[in-house]
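Below: coords_7.tsv (TSV, C-alpha atoms and all ligand atoms)
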chain	number	residue	atom	x	y	z
A	296	MET	CA	63.51	-10.10	-60.64
A	297	SER	CA	64.67	-9.31	-64.13
A	298	ALA	CA	64.06	-10.14	-67.76
A	299	ILE	CA	65.91	-11.16	-70.93
A	300	LEU	CA	64.95	-9.88	-74.39
A	301	THR	CA	65.74	-11.85	-77.57
A	302	LEU	CA	65.85	-10.25	-81.02
A	303	ASN	CA	65.98	-12.04	-84.38
A	304	ALA	CA	66.27	-9.44	-87.14
A	305	GLY	CA	65.71	-9.96	-90.86
A	306	SER	CA	65.82	-7.42	-93.67
A	307	SER	CA	62.36	-6.04	-92.95
A	308	SER	CA	61.31	-7.82	-89.78
A	309	ILE	CA	62.37	-8.39	-86.17
A	310	LYS	CA	61.06	-11.31	-84.09
A	311	PHE	CA	61.30	-10.81	-80.34
A	312	GLY	CA	60.82	-12.71	-77.11
A	313	LEU	CA	60.69	-11.64	-73.46
A	314	PHE	CA	61.87	-14.23	-70.91
A	315	ASP	CA	62.07	-14.31	-67.13
A	316	ALA	CA	65.81	-14.15	-66.47
A	317	GLU	CA	65.73	-16.92	-63.86
A	318	SER	CA	63.09	-19.42	-64.99
A	319	LEU	CA	63.47	-18.67	-68.74
A	320	VAL	CA	59.68	-18.83	-69.06
A	321	GLU	CA	58.67	-16.90	-72.19
A	322	GLU	CA	56.30	-14.18	-71.07
A	323	ALA	CA	55.75	-12.33	-74.33
A	324	GLY	CA	56.77	-12.68	-77.94
A	325	GLY	CA	55.96	-11.46	-81.38
A	326	GLN	CA	57.33	-9.66	-84.37
A	327	VAL	CA	57.52	-6.42	-86.27
A	328	GLU	CA	57.00	-6.90	-90.00
A	329	ARG	CA	57.37	-4.58	-93.01
A	330	ILE	CA	59.99	-2.28	-91.45
A	331	GLY	CA	60.57	0.64	-93.82
A	332	GLY	CA	56.92	1.59	-94.26
A	333	GLU	CA	53.52	0.98	-92.74
A	334	ALA	CA	54.62	-1.79	-90.39
A	335	GLU	CA	52.74	-4.29	-88.25
A	336	LEU	CA	53.64	-5.21	-84.68
A	337	ASP	CA	52.21	-8.52	-83.45
A	338	LEU	CA	52.33	-9.13	-79.71
A	339	GLU	CA	51.58	-12.57	-78.31
A	340	ILE	CA	51.08	-13.15	-74.60
A	341	PRO	CA	50.51	-16.80	-73.58
A	342	GLY	CA	46.82	-17.41	-72.95
A	343	ARG	CA	45.65	-14.18	-74.58
A	344	PRO	CA	44.55	-13.31	-78.12
A	345	LYS	CA	47.28	-11.92	-80.39
A	346	VAL	CA	47.31	-8.10	-80.59
A	347	GLU	CA	48.14	-6.60	-84.00
A	348	THR	CA	49.08	-2.92	-84.29
A	349	ARG	CA	49.72	-0.99	-87.52
A	350	LEU	CA	52.24	1.84	-87.25
A	351	PRO	CA	54.85	3.55	-89.42
A	352	ILE	CA	58.36	2.19	-88.69
A	353	ALA	CA	61.23	3.56	-90.78
A	354	ASN	CA	64.17	1.42	-89.65
A	355	HIS	CA	65.46	-1.21	-87.22
A	356	HIS	CA	66.11	1.44	-84.58
A	357	GLU	CA	62.46	2.52	-84.59
A	358	ALA	CA	61.42	-1.13	-84.59
A	359	VAL	CA	63.42	-1.83	-81.40
A	360	THR	CA	61.88	1.26	-79.78
A	361	ALA	CA	58.39	0.03	-80.75
A	362	ILE	CA	59.14	-3.44	-79.34
A	363	LEU	CA	60.26	-1.85	-76.05
A	364	ALA	CA	57.05	0.15	-75.83
A	365	ALA	CA	54.99	-2.98	-76.56
A	366	ILE	CA	56.65	-5.13	-73.89
A	367	ALA	CA	56.91	-2.38	-71.24
A	368	PRO	CA	53.58	-3.30	-69.56
A	369	TYR	CA	54.79	-6.90	-69.11
A	370	LEU	CA	58.06	-5.88	-67.51
A	371	ASP	CA	56.12	-4.79	-64.43
A	372	GLY	CA	58.95	-2.57	-63.28
A	373	ARG	CA	61.61	-5.28	-63.81
A	374	ALA	CA	64.81	-4.45	-65.63
A	375	VAL	CA	65.93	-6.02	-68.91
A	376	VAL	CA	69.35	-7.32	-67.82
A	377	GLY	CA	70.43	-8.91	-71.09
A	378	VAL	CA	69.60	-8.81	-74.78
A	379	GLY	CA	70.32	-11.79	-77.04
A	380	HIS	CA	70.64	-11.47	-80.80
A	381	ARG	CA	70.48	-14.02	-83.56
A	382	VAL	CA	73.45	-13.25	-85.79
A	383	VAL	CA	73.67	-15.38	-88.89
A	384	HIS	CA	77.44	-15.48	-89.33
A	385	GLY	CA	80.17	-15.91	-86.74
A	386	GLY	CA	82.90	-16.70	-89.28
A	387	PRO	CA	85.44	-19.50	-88.86
A	388	ASP	CA	86.37	-18.68	-85.26
A	389	HIS	CA	83.18	-18.49	-83.21
A	390	ASP	CA	81.83	-21.82	-82.00
A	391	ALA	CA	79.89	-20.29	-79.08
A	392	PRO	CA	77.83	-17.18	-78.25
A	393	LEU	CA	79.79	-13.93	-77.93
A	394	VAL	CA	79.31	-11.03	-75.51
A	395	LEU	CA	79.29	-7.92	-77.69
A	396	ASP	CA	81.31	-4.75	-77.36
A	397	GLU	CA	82.27	-2.19	-80.03
A	398	ALA	CA	85.31	-4.17	-81.15
A	399	ALA	CA	83.33	-7.42	-81.47
A	400	ILE	CA	80.60	-5.68	-83.49
A	401	ALA	CA	83.23	-4.24	-85.84
A	402	ARG	CA	84.73	-7.74	-86.32
A	403	LEU	CA	81.31	-9.20	-87.10
A	404	ALA	CA	80.65	-6.38	-89.58
A	405	ARG	CA	83.71	-7.58	-91.51
A	406	LEU	CA	81.80	-10.83	-92.15
A	407	GLU	CA	79.00	-8.96	-93.95
A	408	PRO	CA	80.26	-9.99	-97.42
A	409	LEU	CA	79.76	-13.64	-96.37
A	410	ALA	CA	76.06	-13.08	-95.58
A	411	PRO	CA	75.10	-9.81	-97.29
A	412	LEU	CA	71.36	-10.37	-97.02
A	413	HIS	CA	71.32	-11.16	-93.29
A	414	GLN	CA	74.39	-9.98	-91.37
A	415	PRO	CA	73.89	-6.20	-91.91
A	416	HIS	CA	70.31	-6.42	-90.61
A	417	ASN	CA	71.34	-8.53	-87.62
A	418	LEU	CA	73.96	-5.94	-86.72
A	419	ALA	CA	71.54	-3.05	-87.27
A	420	ALA	CA	69.37	-4.58	-84.55
A	421	VAL	CA	72.43	-5.00	-82.29
A	422	ARG	CA	73.30	-1.32	-82.67
A	423	ALA	CA	69.70	-0.23	-82.12
A	424	ALA	CA	69.44	-2.38	-78.99
A	425	ARG	CA	72.72	-1.05	-77.61
A	426	GLU	CA	71.40	2.49	-77.97
A	427	ALA	CA	68.08	1.59	-76.40
A	428	PHE	CA	69.73	-0.42	-73.59
A	429	PRO	CA	73.21	0.94	-72.93
A	430	GLY	CA	73.50	-1.03	-69.65
A	431	PRO	CA	72.48	-4.66	-70.21
A	432	VAL	CA	74.81	-7.29	-71.61
A	433	GLN	CA	74.31	-7.94	-75.35
A	434	VAL	CA	75.04	-11.43	-76.65
A	435	ALA	CA	75.36	-12.63	-80.25
A	436	CYS	CA	74.21	-16.20	-80.99
A	437	PHE	CA	75.49	-17.44	-84.33
A	438	ASP	CA	73.72	-19.73	-86.78
A	439	THR	CA	77.12	-21.03	-87.81
A	440	ALA	CA	78.50	-21.78	-84.32
A	441	PHE	CA	76.89	-25.21	-83.86
A	442	HIS	CA	78.65	-26.46	-87.00
A	443	ARG	CA	82.16	-25.27	-86.27
A	444	GLY	CA	83.32	-28.70	-85.14
A	445	HIS	CA	82.97	-30.23	-88.61
A	446	PRO	CA	85.91	-32.34	-89.74
A	447	PHE	CA	87.94	-30.81	-92.58
A	448	VAL	CA	86.25	-32.91	-95.27
A	449	GLN	CA	82.87	-31.46	-94.24
A	450	ASP	CA	84.24	-27.92	-93.95
A	451	THR	CA	85.93	-27.56	-97.33
A	452	TYR	CA	85.11	-27.46	-101.04
A	453	GLY	CA	87.34	-28.99	-103.68
A	454	LEU	CA	88.80	-25.59	-104.58
A	455	PRO	CA	92.45	-24.51	-104.47
A	456	ARG	CA	93.54	-24.41	-100.84
A	457	ARG	CA	93.90	-20.63	-100.75
A	458	PHE	CA	90.11	-20.21	-100.93
A	459	TYR	CA	89.69	-22.26	-97.75
A	460	ASP	CA	92.27	-20.08	-96.06
A	461	MET	CA	90.35	-17.01	-97.27
A	462	GLY	CA	87.22	-18.28	-95.51
A	463	VAL	CA	85.46	-20.16	-98.32
A	464	ARG	CA	84.15	-22.95	-96.11
A	465	ARG	CA	81.02	-24.95	-95.51
A	466	TYR	CA	79.79	-23.04	-92.49
A	467	GLY	CA	76.26	-24.42	-92.27
A	468	PHE	CA	73.35	-22.46	-90.77
A	469	HIS	CA	70.18	-22.97	-88.65
A	470	GLY	CA	72.56	-23.73	-85.77
A	471	LEU	CA	70.27	-22.32	-83.07
A	472	SER	CA	67.50	-24.65	-84.14
A	473	TYR	CA	69.86	-27.66	-84.21
A	474	ASP	CA	71.26	-26.69	-80.82
A	475	TYR	CA	67.73	-26.70	-79.39
A	476	ILE	CA	66.91	-30.09	-80.96
A	477	SER	CA	70.16	-31.57	-79.69
A	478	GLY	CA	69.26	-30.46	-76.15
A	479	LYS	CA	65.70	-31.78	-76.47
A	480	LEU	CA	67.00	-35.17	-77.64
A	481	LYS	CA	69.40	-35.30	-74.72
A	482	GLU	CA	66.51	-34.65	-72.30
A	483	ASP	CA	63.80	-36.86	-73.78
A	484	TRP	CA	65.57	-39.36	-76.08
A	485	PRO	CA	69.03	-39.83	-74.54
A	486	ALA	CA	69.79	-43.09	-76.39
A	487	LEU	CA	69.09	-41.41	-79.74
A	488	HIS	CA	71.06	-38.32	-78.72
A	489	ALA	CA	74.07	-40.56	-78.12
A	490	GLY	CA	73.76	-42.01	-81.64
A	491	ARG	CA	73.63	-40.82	-85.26
A	492	VAL	CA	70.71	-38.47	-85.95
A	493	VAL	CA	69.78	-36.48	-89.04
A	494	VAL	CA	67.75	-33.37	-88.20
A	495	ALA	CA	65.66	-31.78	-90.96
A	496	HIS	CA	64.95	-28.10	-90.32
A	497	LEU	CA	62.33	-27.49	-93.01
A	498	GLY	CA	60.96	-23.96	-93.06
A	499	ASN	CA	61.20	-21.15	-95.58
A	500	GLY	CA	64.91	-21.75	-95.30
A	501	ALA	CA	65.69	-25.47	-95.09
A	502	SER	CA	68.70	-27.59	-94.25
A	503	LEU	CA	69.75	-30.88	-92.72
A	504	CYS	CA	72.24	-31.48	-89.94
A	505	ALA	CA	74.07	-34.74	-89.30
A	506	MET	CA	74.58	-35.15	-85.55
A	507	GLU	CA	76.84	-37.61	-83.81
A	508	ALA	CA	76.36	-37.71	-80.03
A	509	GLY	CA	74.51	-34.38	-80.24
A	510	LYS	CA	77.27	-32.57	-82.18
A	511	SER	CA	77.04	-31.44	-85.80
A	512	ILE	CA	79.46	-33.18	-88.14
A	513	ALA	CA	77.90	-32.17	-91.49
A	514	SER	CA	75.22	-29.90	-92.94
A	515	THR	CA	73.57	-29.46	-96.33
A	516	MET	CA	74.14	-25.71	-96.13
A	517	GLY	CA	77.61	-24.44	-96.84
A	518	PHE	CA	79.31	-21.15	-97.59
A	519	SER	CA	75.97	-19.37	-97.86
A	520	ALA	CA	72.37	-20.19	-97.03
A	521	LEU	CA	71.76	-21.05	-100.70
A	522	SER	CA	72.98	-24.60	-100.96
A	523	GLY	CA	71.55	-28.00	-100.14
A	524	LEU	CA	67.77	-28.45	-100.05
A	525	CYS	CA	65.17	-26.74	-102.22
A	526	MET	CA	63.78	-23.86	-100.14
A	527	GLY	CA	60.90	-21.38	-100.27
A	528	THR	CA	62.64	-19.01	-102.68
A	529	ARG	CA	66.20	-20.45	-102.91
A	530	PRO	CA	67.21	-23.26	-105.26
A	531	GLY	CA	69.44	-25.36	-103.01
A	532	GLN	CA	72.08	-27.50	-104.71
A	533	LEU	CA	73.10	-25.90	-108.00
A	534	ASP	CA	75.86	-26.67	-110.49
A	535	ALA	CA	78.29	-23.72	-110.34
A	536	GLY	CA	78.30	-23.90	-114.16
A	537	VAL	CA	74.79	-22.42	-114.13
A	538	LEU	CA	76.19	-19.25	-112.56
A	539	LEU	CA	78.92	-19.05	-115.21
A	540	TRP	CA	76.29	-19.43	-117.92
A	541	MET	CA	74.11	-16.71	-116.34
A	542	LEU	CA	77.12	-14.36	-116.21
A	543	ASP	CA	78.78	-15.08	-119.55
A	544	ASP	CA	75.99	-16.15	-121.83
A	545	GLN	CA	72.97	-14.37	-120.36
A	546	LYS	CA	74.99	-11.30	-119.32
A	547	MET	CA	73.10	-11.15	-116.03
A	548	SER	CA	74.51	-8.80	-113.39
A	549	ALA	CA	75.52	-10.01	-109.93
A	550	ALA	CA	72.48	-8.16	-108.54
A	551	GLU	CA	70.12	-9.96	-110.95
A	552	ILE	CA	71.62	-13.35	-110.15
A	553	THR	CA	71.37	-12.60	-106.43
A	554	ARG	CA	67.68	-11.79	-106.85
A	555	VAL	CA	67.01	-14.99	-108.79
A	556	LEU	CA	68.89	-17.15	-106.28
A	557	TYR	CA	67.53	-15.63	-103.06
A	558	LYS	CA	64.03	-14.46	-103.99
A	559	GLU	CA	62.72	-16.13	-107.15
A	560	SER	CA	63.82	-19.77	-107.03
A	561	GLY	CA	62.90	-22.80	-104.95
A	562	LEU	CA	59.24	-23.64	-104.36
A	563	LYS	CA	58.20	-20.21	-105.60
A	564	GLY	CA	60.20	-20.40	-108.81
A	565	LEU	CA	59.25	-23.98	-109.62
A	566	SER	CA	55.54	-23.53	-108.91
A	567	GLY	CA	55.37	-20.09	-110.49
A	568	GLU	CA	52.94	-19.41	-107.64
A	569	THR	CA	54.13	-19.19	-104.08
A	570	ASN	CA	56.71	-20.30	-101.53
A	571	ASP	CA	53.94	-21.19	-99.07
A	572	MET	CA	53.98	-24.98	-98.66
A	573	ARG	CA	50.47	-25.04	-97.27
A	574	ALA	CA	49.14	-23.34	-100.43
A	575	LEU	CA	51.17	-25.64	-102.68
A	576	LEU	CA	49.78	-28.75	-100.97
A	577	ALA	CA	46.26	-27.40	-101.50
A	578	SER	CA	46.84	-26.41	-105.14
A	579	GLN	CA	45.62	-28.51	-108.09
A	580	ALA	CA	48.17	-26.98	-110.50
A	581	GLU	CA	50.67	-29.39	-112.09
A	582	GLU	CA	53.57	-26.99	-111.41
A	583	ALA	CA	52.67	-26.81	-107.72
A	584	GLY	CA	52.75	-30.60	-107.57
A	585	GLN	CA	56.14	-30.69	-109.30
A	586	ALA	CA	57.56	-28.13	-106.88
A	587	VAL	CA	56.46	-30.31	-103.95
A	588	ASP	CA	57.85	-33.44	-105.67
A	589	TYR	CA	61.22	-31.73	-106.10
A	590	PHE	CA	61.24	-30.54	-102.47
A	591	VAL	CA	60.52	-34.08	-101.20
A	592	ILE	CA	63.08	-35.89	-103.33
A	593	ARG	CA	65.82	-33.40	-102.45
A	594	VAL	CA	65.15	-33.87	-98.72
A	595	ALA	CA	65.17	-37.66	-99.08
A	596	GLN	CA	68.36	-37.74	-101.17
A	597	GLU	CA	70.19	-35.45	-98.78
A	598	VAL	CA	69.08	-37.43	-95.72
A	599	ALA	CA	70.82	-40.39	-97.32
A	600	SER	CA	73.88	-38.21	-97.93
A	601	MET	CA	73.95	-37.14	-94.26
A	602	ALA	CA	73.54	-40.79	-93.23
A	603	ALA	CA	76.60	-41.61	-95.33
A	604	ALA	CA	78.55	-38.86	-93.55
A	605	LEU	CA	77.52	-40.43	-90.21
A	606	GLY	CA	78.22	-43.98	-91.33
A	607	GLY	CA	74.60	-44.90	-90.58
A	608	ILE	CA	71.45	-43.41	-89.13
A	609	ASP	CA	69.65	-44.08	-85.83
A	610	ALA	CA	66.86	-41.48	-86.15
A	611	LEU	CA	65.45	-38.68	-88.30
A	612	VAL	CA	63.95	-35.56	-86.70
A	613	PHE	CA	61.61	-33.13	-88.47
A	614	THR	CA	61.36	-29.52	-87.32
A	615	GLY	CA	60.68	-25.99	-88.72
A	616	GLY	CA	57.37	-24.72	-90.15
A	617	ILE	CA	57.11	-27.47	-92.77
A	618	GLY	CA	58.73	-30.20	-90.68
A	619	GLU	CA	56.41	-29.53	-87.75
A	620	ASN	CA	53.17	-28.98	-89.67
A	621	ALA	CA	53.20	-30.55	-93.12
A	622	ALA	CA	52.23	-34.19	-92.49
A	623	PRO	CA	52.05	-35.07	-96.21
A	624	ILE	CA	55.66	-33.94	-96.72
A	625	ARG	CA	56.91	-35.99	-93.77
A	626	ALA	CA	54.97	-39.01	-95.04
A	627	ARG	CA	56.45	-38.78	-98.52
A	628	VAL	CA	60.01	-38.30	-97.24
A	629	LEU	CA	59.70	-41.37	-95.00
A	630	GLU	CA	58.16	-43.47	-97.78
A	631	GLN	CA	61.08	-42.56	-100.05
A	632	LEU	CA	63.46	-43.53	-97.23
A	633	ALA	CA	61.77	-46.85	-96.38
A	634	PHE	CA	64.92	-48.62	-97.62
A	635	LEU	CA	66.77	-47.21	-94.59
A	636	GLY	CA	64.28	-48.86	-92.24
A	637	PHE	CA	61.62	-46.18	-91.66
A	638	ALA	CA	58.03	-47.46	-91.58
A	639	LEU	CA	55.56	-44.55	-91.58
A	640	ASP	CA	52.93	-44.58	-88.83
A	641	ALA	CA	50.31	-42.68	-90.85
A	642	GLN	CA	47.96	-42.25	-87.92
A	643	ALA	CA	50.60	-40.78	-85.59
A	644	ASN	CA	51.90	-38.59	-88.42
A	645	GLU	CA	48.50	-37.09	-89.14
A	646	ALA	CA	47.53	-36.80	-85.46
A	647	GLY	CA	50.59	-34.67	-84.64
A	648	GLY	CA	52.40	-37.39	-82.68
A	649	THR	CA	56.05	-37.09	-81.69
A	650	ARG	CA	57.15	-40.49	-83.00
A	651	ILE	CA	55.71	-41.06	-86.47
A	652	SER	CA	57.35	-44.32	-87.52
A	653	SER	CA	57.79	-47.87	-86.41
A	654	GLY	CA	61.14	-49.44	-87.20
A	655	LEU	CA	63.79	-46.74	-87.35
A	656	PRO	CA	62.55	-43.75	-85.27
A	657	ALA	CA	61.32	-40.63	-87.05
A	658	LEU	CA	60.35	-37.83	-84.65
A	659	VAL	CA	58.62	-34.46	-84.94
A	660	LEU	CA	60.08	-31.95	-82.46
A	661	PRO	CA	59.04	-28.27	-82.49
A	662	THR	CA	62.11	-26.06	-82.46
A	663	ASN	CA	62.67	-23.02	-80.22
A	664	GLU	CA	65.50	-20.78	-81.41
A	665	GLU	CA	64.47	-17.93	-79.07
A	666	LEU	CA	64.96	-20.16	-76.01
A	667	VAL	CA	68.49	-21.05	-77.18
A	668	ILE	CA	69.28	-17.32	-77.38
A	669	ALA	CA	67.75	-16.66	-73.95
A	670	ARG	CA	69.82	-19.51	-72.44
A	671	ALA	CA	72.99	-18.02	-73.91
A	672	VAL	CA	72.19	-14.64	-72.34
A	673	GLN	CA	71.48	-16.28	-69.00
A	674	ALA	CA	74.83	-18.10	-69.19
A	675	ALA	CA	76.60	-14.81	-70.03
A	676	LEU	CA	74.95	-13.13	-67.02
B	1	LIG	P1	61.01	-19.40	-91.57
B	1	LIG	O1	62.17	-20.14	-92.17
B	1	LIG	O2	60.66	-18.15	-92.31
B	1	LIG	O3	61.07	-19.26	-90.06
B	1	LIG	P2	58.91	-21.31	-90.97
B	1	LIG	O4	59.78	-22.24	-90.21
B	1	LIG	O5	57.88	-20.53	-90.24
B	1	LIG	O6	59.76	-20.34	-91.88
B	1	LIG	O7	58.19	-22.20	-92.11
B	1	LIG	C1	57.36	-21.61	-93.07
B	1	LIG	C2	56.82	-22.71	-93.97
B	1	LIG	O8	56.05	-23.64	-93.20
B	1	LIG	C3	55.91	-22.20	-95.07
B	1	LIG	O9	56.22	-22.82	-96.30
B	1	LIG	C4	54.54	-22.63	-94.59
B	1	LIG	O10	53.64	-22.83	-95.66
B	1	LIG	C5	54.87	-23.94	-93.94
B	1	LIG	N1	53.77	-24.37	-93.07
B	1	LIG	C6	53.34	-23.83	-91.92
B	1	LIG	N2	52.23	-24.47	-91.48
B	1	LIG	C7	51.96	-25.45	-92.39
B	1	LIG	C8	50.96	-26.47	-92.52
B	1	LIG	N3	49.99	-26.62	-91.60
B	1	LIG	N4	50.99	-27.27	-93.60
B	1	LIG	C9	51.95	-27.13	-94.53
B	1	LIG	N5	52.93	-26.21	-94.48
B	1	LIG	C10	52.92	-25.39	-93.42

Would you write out, as structure tokens, the structure that this file holds?
Amino acid sequence: MSAILTLNAGSSSIKFGLFDAESLVEEAGGQVERIGGEAELDLEIPGRPKVETRLPIANHHEAVTAILAAIAPYLDGRAVVGVGHRVVHGGPDHDAPLVLDEAAIARLARLEPLAPLHQPHNLAAVRAAREAFPGPVQVACFDTAFHRGHPFVQDTYGLPRRFYDMGVRRYGFHGLSYDYISGKLKEDWPALHAGRVVVAHLGNGASLCAMEAGKSIASTMGFSALSGLCMGTRPGQLDAGVLLWMLDDQKMSAAEITRVLYKESGLKGLSGETNDMRALLASQAEEAGQAVDYFVIRVAQEVASMAAALGGIDALVFTGGIGENAAPIRARVLEQLAFLGFALDAQANEAGGTRISSGLPALVLPTNEELVIARAVQAAL
């Protein structure tokens, strides 16, 4: 009897999950938030109330130690035999999970310039976990891996060829979520899985994936997690000329532009209020309404773009915090896309049904990135 731990590290947070190594039943999960100060550790055990603990946590290493202490009672003497990590960037070469050793970690660290806001934190958690668990196998699961089979025209920009060779490619992200959805379709909707499906992962970060027979052939995200859809605090699609104007005319520094693009744009920037979709849907403010309008039209337009990449569309799947929970957003996207053949089933949509349209199928499928990581560790074991 043994267990698998999954870690999903951000700049100031780590989400974790504890799975039985054989059945892959999730036995405990939660997150540490506000690393670097007075942090909070939330522990969720199925069937029990969530336990929230406040404690000072200075860095990712201390966070991993705190997670270990929190899950220890649920290990019941079993060993953690493998640790799986979400790592945002695998670069051009990795189309599958990777068992980590020192050399592999050093190679992944060289990709930090491609994902400066995520990769260093992901690797900090890897190093902390390797110190805490020197024995168990450590596996990296990449957000880019699911998209590595894109044809050249979906992998490149129209830049001089040398930039492609230097790694300026449309990597795409949210691959763990799309991997999960692809597997779920195969299990429960095999005819759709075999066809052309657009999956909308709509959370704080948001993207679309065009899937043909369960494999990604295109994504709205590209070189970085900035492009494509309007997100919580990121703008999505942006004319590169805007960046030139910010640099040359506004004399903004790279650090200022980074802050605007990653932290101050999207729903938050447009509403002037918040990146929280639930709050925006409840707000009476005109700007909040405009932010939601922009979010919806960008999703709808890009679904059509993904359908063009697929040469047609057999189904649309909603997932992620907004996709799974925001019925009014799903309704408006489907109404905008009625020309493709979607007919909203308002009752099913509001009642939390799985299929929310007649005509062309639109589905709501909760994602489970942690389970995809746990499966990868099990396979490595
Ligand atoms: P992350 O990308 O950080 O994992 P999530 O997938 O958890 O984000 O999605 C967070 C988003 O989901 C937030 O904008 C939040 O407001 C939205 N959301 C969650 N529940 C609801 C709901 N019931 N109605 C509308 N939006 C919701």

Hey, can you pull every residue with an atom no more than 12 Å from (69.0, -30.7, -75.1), using only C-alpha atoms, and send it as a PDB file with C-alpha atoms, in the frame of the given file?
ATOM      1  CA  LEU A 471      70.270 -22.320 -83.070  1.00  0.00           C
ATOM      2  CA  SER A 472      67.500 -24.650 -84.140  1.00  0.00           C
ATOM      3  CA  TYR A 473      69.860 -27.660 -84.210  1.00  0.00           C
ATOM      4  CA  ASP A 474      71.260 -26.690 -80.820  1.00  0.00           C
ATOM      5  CA  TYR A 475      67.730 -26.700 -79.390  1.00  0.00           C
ATOM      6  CA  ILE A 476      66.910 -30.090 -80.960  1.00  0.00           C
ATOM      7  CA  SER A 477      70.160 -31.570 -79.690  1.00  0.00           C
ATOM      8  CA  GLY A 478      69.260 -30.460 -76.150  1.00  0.00           C
ATOM      9  CA  LYS A 479      65.700 -31.780 -76.470  1.00  0.00           C
ATOM     10  CA  LEU A 480      67.000 -35.170 -77.640  1.00  0.00           C
ATOM     11  CA  LYS A 481      69.400 -35.300 -74.720  1.00  0.00           C
ATOM     12  CA  GLU A 482      66.510 -34.650 -72.300  1.00  0.00           C
ATOM     13  CA  ASP A 483      63.800 -36.860 -73.780  1.00  0.00           C
ATOM     14  CA  TRP A 484      65.570 -39.360 -76.080  1.00  0.00           C
ATOM     15  CA  PRO A 485      69.030 -39.830 -74.540  1.00  0.00           C
ATOM     16  CA  LEU A 487      69.090 -41.410 -79.740  1.00  0.00           C
ATOM     17  CA  HIS A 488      71.060 -38.320 -78.720  1.00  0.00           C
ATOM     18  CA  ALA A 489      74.070 -40.560 -78.120  1.00  0.00           C
ATOM     19  CA  ALA A 508      76.360 -37.710 -80.030  1.00  0.00           C
ATOM     20  CA  GLY A 509      74.510 -34.380 -80.240  1.00  0.00           C
ATOM     21  CA  LYS A 510      77.270 -32.570 -82.180  1.00  0.00           C
ATOM     22  CA  LEU A 660      60.080 -31.950 -82.460  1.00  0.00           C
ATOM     23  CA  THR A 662      62.110 -26.060 -82.460  1.00  0.00           C
ATOM     24  CA  ASN A 663      62.670 -23.020 -80.220  1.00  0.00           C
ATOM     25  CA  LEU A 666      64.960 -20.160 -76.010  1.00  0.00           C
ATOM     26  CA  VAL A 667      68.490 -21.050 -77.180  1.00  0.00           C
ATOM     27  CA  ARG A 670      69.820 -19.510 -72.440  1.00  0.00           C
TER      28      ARG A 670
END

Of A:Arg381, A:His413, A:Arg464, A:Arg425, the one sitting nearest Phe437 in chain A when using only C-alpha atoms is A:Arg381

Review point. Which protein, DNA or RNA residues have an atom within 6 Å of ligand LIG 1 (chain B), counting only C-alpha atoms and all ligand atoms, as a list in words?
Key: Gly498, Asn499, Gly500, Asn570, Asp571, Met572, Arg573, Gly615, Gly616, Ile617, Asn620 and Ala621 of chain A

Export of the given selection (C-alpha atoms) as a PDB file, in the frame of the given file:
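Result file is out05.pdb:
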ATOM      1  CA  GLY A 498      60.960 -23.960 -93.060  1.00  0.00           C
ATOM      2  CA  ASN A 499      61.200 -21.150 -95.580  1.00  0.00           C
ATOM      3  CA  GLY A 500      64.910 -21.750 -95.300  1.00  0.00           C
ATOM      4  CA  ASN A 570      56.710 -20.300-101.530  1.00  0.00           C
ATOM      5  CA  ASP A 571      53.940 -21.190 -99.070  1.00  0.00           C
ATOM      6  CA  MET A 572      53.980 -24.980 -98.660  1.00  0.00           C
ATOM      7  CA  ARG A 573      50.470 -25.040 -97.270  1.00  0.00           C
ATOM      8  CA  GLY A 615      60.680 -25.990 -88.720  1.00  0.00           C
ATOM      9  CA  GLY A 616      57.370 -24.720 -90.150  1.00  0.00           C
ATOM     10  CA  ILE A 617      57.110 -27.470 -92.770  1.00  0.00           C
ATOM     11  CA  ASN A 620      53.170 -28.980 -89.670  1.00  0.00           C
ATOM     12  CA  ALA A 621      53.200 -30.550 -93.120  1.00  0.00           C
TER      13      ALA A 621
END

### Task
Record the distance separating CA of Leu412 in chain A and CA of Ala604 in chain A, expressed in Å with one decimal.
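Going from CA of Leu412 in chain A over to CA of Ala604 in chain A covers 29.6 Å.
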
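Among the candidate residues A:Ala364, A:Ala427, A:Leu418, A:Leu635, the one lying nearest to Ala599 in chain A is A:Leu635, with distances computed using all atoms listed in the file.
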
| query | With distances taken over all atoms listed in the file, which of A:Ala622, A:Gly305, A:Ala298, A:Ala334 is nearest to Ala367 in chain A? | reply |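 For Ala367 in chain A, the nearest of the candidates is A:Ala298.
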
Would you kindly return, as a PDB file with C-alpha atoms, keeping the file's coordinate frame, each protein, DNA or RNA residue with an atom no farther than 8 Å from any atom of range 445-461 of chain A, considering only C-alpha atoms and excluding same-chain residues fewer than 4 positions away?
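And here is the file that came out, around.pdb:
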ATOM      1  CA  ARG A 465      81.020 -24.950 -95.510  1.00  0.00           C
ATOM      2  CA  TYR A 466      79.790 -23.040 -92.490  1.00  0.00           C
ATOM      3  CA  SER A 511      77.040 -31.440 -85.800  1.00  0.00           C
ATOM      4  CA  ILE A 512      79.460 -33.180 -88.140  1.00  0.00           C
ATOM      5  CA  ALA A 513      77.900 -32.170 -91.490  1.00  0.00           C
ATOM      6  CA  SER A 514      75.220 -29.900 -92.940  1.00  0.00           C
TER       7      SER A 514
END

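If you count all atoms listed in the file and ignore residues fewer than 3 places along the chain from Lys310 in chain A, what sits within 6 Å of it is Leu302, Asn303, Gly325 and Gln326 of chain A.
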
Prev. selection, C-alpha atoms, output as a short mmCIF file (atom, residue, chain, number, x, y, z; two decimals), in the frame of the given file:
data_model
loop_
_atom_site.label_atom_id
_atom_site.label_comp_id
_atom_site.auth_asym_id
_atom_site.auth_seq_id
_atom_site.Cartn_x
_atom_site.Cartn_y
_atom_site.Cartn_z
CA LEU A 302 65.85 -10.25 -81.02
CA ASN A 303 65.98 -12.04 -84.38
CA GLY A 325 55.96 -11.46 -81.38
CA GLN A 326 57.33 -9.66 -84.37
#
